[in-house]
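Report on one structure; see the data block that follows.
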Amino acid sequence: MAETKTYREALREAMVHEMERDDNVILMGEDIGVYGGTHLITDGLIDEWGPKRVMDTPISENGFTGAAVGMAMMGMRPIVEMMTWNFSFLAADQIIQHAAKVRYFSGGQVQVPLVIRGPNGGGVQLSAQHTHSLENFYGHFPGLKVVAPVTPNDVKGMMLTAVRDPNPVVFLEAGALYGTKGEVEEGDNAVPFGKARVAREGDDVTLIAYGRQVNLCLRVADALEEEDGVSTEVIDLRSIRPFDEDAIVESVEKTHRAVAVQEQWRWFGVASEVAAIIQDRAFDSLDAPVERVSGAEVPAPYARNLELAAFPSDKQVANAARRVLYMEEK
Amino acid sequence: MPEVFMPKMGDAMEEGTLLKWLVSEGDDISEGDPLAEIETDKASMEIEAEDSGTLAQIIAQEGDDIPIGGAIAFIQGEGEEVPESDSGGEEAKAEEGGEDEAQAQTATQTEAGSDAEGDEEEGEEQPSGGQADGRANGRFRASPIVKRLAAENDLDLSKVDGSGPQGRIVERDVRAAMERGDAQANGQEEAEAPEAKSAEEPQEAPQVGLQPARLPEPVEGPDTQLVEPTRMQRVIGERMTEAKQHIPHFYATAEIRMDAAMVLRKQLNEQLEEEGVKLSVNDFVMKACAVALRGYPNLNAIQTTQGFELHEKVNMAMAVALDAGLITPVIRDITSKGLATISRESKDLAVRARDGDLQPDEYQGGTITVSNMGMFGIESFTAIVNPPQAAIIAVSSIQKRPSYDENGEVVPASMMKLTLSADHRIANGRDGALYMSEVRRVLENPVLLMV
């Protein structure tokens with residue numbers, strides 16, 4: 001059974017599902033209770049679950065994230081909302097220095113089953129300080145799991161998995177897509193980490209993305225099919241760490257050409273990792289160097305036209321695909 | 001232009017073999033002097049000097065295979081310098097780039113008449129001596145998947161043109177070459193290939209192409225002789241293997257009573273004797289095969305990159321046996337020509353084919369082929385379609401046979417078998433059968449050849 005729901009509803013449904021299943025699951029964050037959450041993810045939950053399960057916190061990311069790490073170490077399963085992931089810089093010490101390392105330091109005696117979630121990336125004119133894509137930043141540190149679901153079904157399924165994971169999970173939501181709709185499986189649809197999703201099957205070129213760039217890639221794939229007769233495969237990584245190397249290798253072994261697309265800046269980004277994995281494991285299948293399409297190397301602009309110019313466009317991705325196919329750019 | 005290049009002598013030509021130098025280093029050369037004999041897969045011919053001067057340097061040695069546009073010699077005009085030889089030094093050249101290139105540039109600039117002494121700035125890259133595209137000296141760019149496909153399918157990438165940047169051979173190039181079948185490596189040529197293969201695991205993953213049967217090592221006894229096929233024989237072998245493997249042949253044989261044609265031929269030859277015309281049976285057959293094509297355009301067709309192209313004009317290719325192979329010179333628009341013209345042209349082409357004197361355009365562009373073994377007394381045979389054509393007709397000898405006349409009496413008849421081989425992708429059995437019966441109607445009523 002599946003029902004059409006928004007990304008926001010699917011996310012809320014997952015958290016409620018886990019709160020019902022396990023009393024240790026609690027929600028924490030700024031304005032998530034009485035106000036219902038800045039993005040209305042937790043709207044109405046405080047009425048049903050009360051302030052002990054849905055906790056409004058002070059504006060103090062380092063403090064409440066640290067508290068959540070401690071709660072998790074003691075066996076609770078907190079889900080912490082970052083109003084946006086940009087504010088997690090203030091909590092980075094707790095996330096990187098503590099949450100990611102306690103299990104290691106304790107020789108496995110203490111685990112940190114913590115989920116930190118919130119909107120990641122840009123696209124909604126929030127300007128430079130409120131527009132970051134942090135998947136490579138958090139993906140860099142051993143001890144953290146990092147996921148970036150794009151469909152309503154995956155955001156629900158991966159939240160179920162995140163809550164049940166005994167390790168800290170950085171849960172990066174596609175902030176610009178909270179209102180998008182999709183089919184969501186009823187009940188327990190837990191989606192495993194480390195498994196990419198083939199969002200569209202194709203034979204000639206593979207586009208690899210995650211988060212809202214997956215939707216862009218799907219549009220480009222349709223355009224390439226229509227305008228150029230090119231059969232495009234789109235891989236949605238979903239999980240940044242652990243990373244599904246096999247999925248991209250298998251796809252490139254079929255298509256022989258790959259374009260990695262990311263909203264974040266080019267240098268030291270996820271797309272670079274994708275390119276490195278492909279050349280490492282699928283070198284003999286390649287017909288062209290792997291292309292990367294990334295955001296422009298500037299702080300995110302506010303003005304709509306400039307913001308659009310700073311993020312990967314359909315045209316850029318389509319032309320990158322044409323380049324690896326040795327076709328004329330358009 | 002003081003460098004002498006391997007000329008392009010036909011569309012299909014990719015490289016030529018330098019058979020023999022007719023001049024030596026230091027000789028004075030005048031424009032038009034024959035310099036060397038070269039052999040392509042189709043013919044051998046002489047290269048003539050396009051400049052006068054001193055033959056300063058011989059770059060290609062006898063027996064070398066040189067790609068089109070590759071330098072084979074350098075003729076030094078007055079005041080010109082010989083560029084430093086860079087054969088075999090591709091890597092050094094790539095690394096030191098600047099110097100060599102500047103030098104080559106100086107030479108080309110001087111020859112262009114501009115006094116560029118000392119002007120050694122690096123300009124645009126000069127493709128020196130046809131070594132553009134980074135594929136000189138057997139080295140070329142190819143994508144990893146191309147190299148893998150080449151190894152798995154035993155392809156010779158030097159036969160594949162690259163369409164990627166800097167001439168990089170990319171997958172579509174090698175797939176197209178595999179489809180055309182003109183990238184197969186020759187086992188004998190690539191002494192390394194089998195070694196490299198056996199070095200890997202003998203049980204390779206699933207292979208795309210057909211695996212050749214295991215071949216024995218040569219005996220090399222006193223009563224055996226190991227033969228290296230000529231370039232022409234290699235090409236014939238490759239083309240015919242490709243044709244036989246990839247073209248779905250079907251065959252249709254017609255037995256034709258040739259008495260009327262023989263009578264007409266005798267009459268015509270008597271009348272035309274003074275003009276030195278002697279029509280052969282084959283002249284009649286070729287004309288009849290062409291005339292009969294009128295209603296069957298898909299037997300007069302060429303396979304192209306975008307499907308079969310039907311031709312209205314019949315360019316009749318005729319197979320001519322050579323000591324070292326065969327060649328198929330073409331009688332153009334044969335239906336518009338009379339028997340005497342056809343006879344004259346076919347004799348001339350055959351003689352010059354045997355002398356190796358054909359120009360490339362004389363053996364290219366055929367739309368259908370006739371192969372005649374009648375002179376050897378063959379009763380019947382089938383031919384392999386000559387790609388990219390769609391059909392070939394095998395002509396056998398005229399044999400006296402007893403036959404019945406309308407009164408049931410046994411009478412002698414001159415019978416000849418013609419066998420059509422055609423490409424089933426473009427024509428079907430019915431086309432072939434109807435066409436062959438039309439050929440029979442024309443030959444049995446030979447006045448139809450006159451209209």
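In the structure tokens, each chain is lettered A, B, ... as it comes, each chain's residues begin at 1, and ligands are numbered from 1 in order of appearance.
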
Up to 9 Å from chain A, what residues of chain B turn up? Count only C-alpha atoms and give them as a PDB file with C-alpha atoms, in the first residue's frame.
ATOM      1  CA  ALA B 142      42.060   5.536 -26.988  1.00  0.00           C
ATOM      2  CA  SER B 143      39.630   5.477 -24.098  1.00  0.00           C
ATOM      3  CA  PRO B 144      39.972   2.648 -21.573  1.00  0.00           C
ATOM      4  CA  ILE B 145      36.845   0.870 -22.788  1.00  0.00           C
ATOM      5  CA  VAL B 146      38.219   0.991 -26.327  1.00  0.00           C
ATOM      6  CA  LYS B 147      41.455  -0.631 -25.232  1.00  0.00           C
ATOM      7  CA  ARG B 148      39.505  -3.307 -23.417  1.00  0.00           C
ATOM      8  CA  SER B 163      36.561  10.998 -33.393  1.00  0.00           C
ATOM      9  CA  GLY B 164      37.255  12.274 -29.873  1.00  0.00           C
ATOM     10  CA  PRO B 165      39.454  15.179 -28.832  1.00  0.00           C
ATOM     11  CA  ILE B 169      39.466   6.661 -30.318  1.00  0.00           C
ATOM     12  CA  VAL B 170      36.207   6.413 -28.406  1.00  0.00           C
ATOM     13  CA  GLU B 171      33.724   3.614 -28.029  1.00  0.00           C
TER      14      GLU B 171
END

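Proximity to B:Ser397 at 9 Å, evaluated using only C-alpha atoms and with sequence-adjacent residues fewer than 4 positions away removed, yields Asn372, Met373, Gly374, Met375, Phe376, Gly377, Ile378, Glu379, Ser380, Met415, Met416 and Lys417 of chain B.
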
Task: Contacts of A:Ile59 within 9 Å, only C-alpha atoms, excl. fewer than 5 positions in-chain, as a VMD selection string - done: chain A and resid 29 to 30 64

Task: Residue set, stretch 90-293 of chain A restricted to alpha helix (DSSP H), as a PyMOL selection string - done: chain A and resi 92+102-105+135-139+152-164+213-228+245-255+270-281

- [ ] Tell me, as an MDAnalysis selection string, which residues lie within 10 Å of A:Tyr178, counting only C-alpha atoms; anything in the same chain fewer than 5 positions away does not count.
- [x] chainID A and resid 6:11 39:41 119 150:152 173

Mind writing the picked residues with C-alpha atoms as a tab-separated table (two decimals), in the first residue's frame?
chain	number	residue	atom	x	y	z
A	6	THR	CA	4.57	15.42	0.93
A	7	TYR	CA	8.20	15.11	1.94
A	8	ARG	CA	7.26	16.97	5.14
A	9	GLU	CA	4.42	14.58	5.98
A	10	ALA	CA	6.52	11.53	5.27
A	11	LEU	CA	9.27	12.80	7.54
A	39	HIS	CA	9.48	24.34	8.56
A	40	LEU	CA	6.40	22.81	10.20
A	41	ILE	CA	7.97	19.37	10.28
A	119	PRO	CA	17.24	21.20	5.84
A	150	VAL	CA	15.24	13.12	-1.93
A	151	THR	CA	11.94	11.28	-2.30
A	152	PRO	CA	9.15	11.31	0.33
A	173	GLU	CA	16.91	16.92	4.21

Task: Pairwise distance for atom CA of A:Gln262 and atom CA of A:Ala275, rounded to one decimal in Å - done: 12.0 Å

TODO: Give me, please, the distance in Å between atom CA of A:Ser272 and atom CA of A:Leu308, quoted to one decimal.
DONE: 22.1 Å

TODO: Please indicate the distance in Å from atom CA of B:Val447 to atom CA of B:Gln271, rounded to one decimal place.
DONE: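 These two atoms are separated by 15.7 Å.
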
Open item on the list: Considering only C-alpha atoms, can you say which of A:Pro166, A:Gly123, A:Gly187, A:Pro312 comes closest to A:Arg292?
Closed with: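 Result for the nearest residue to A:Arg292: A:Pro312.
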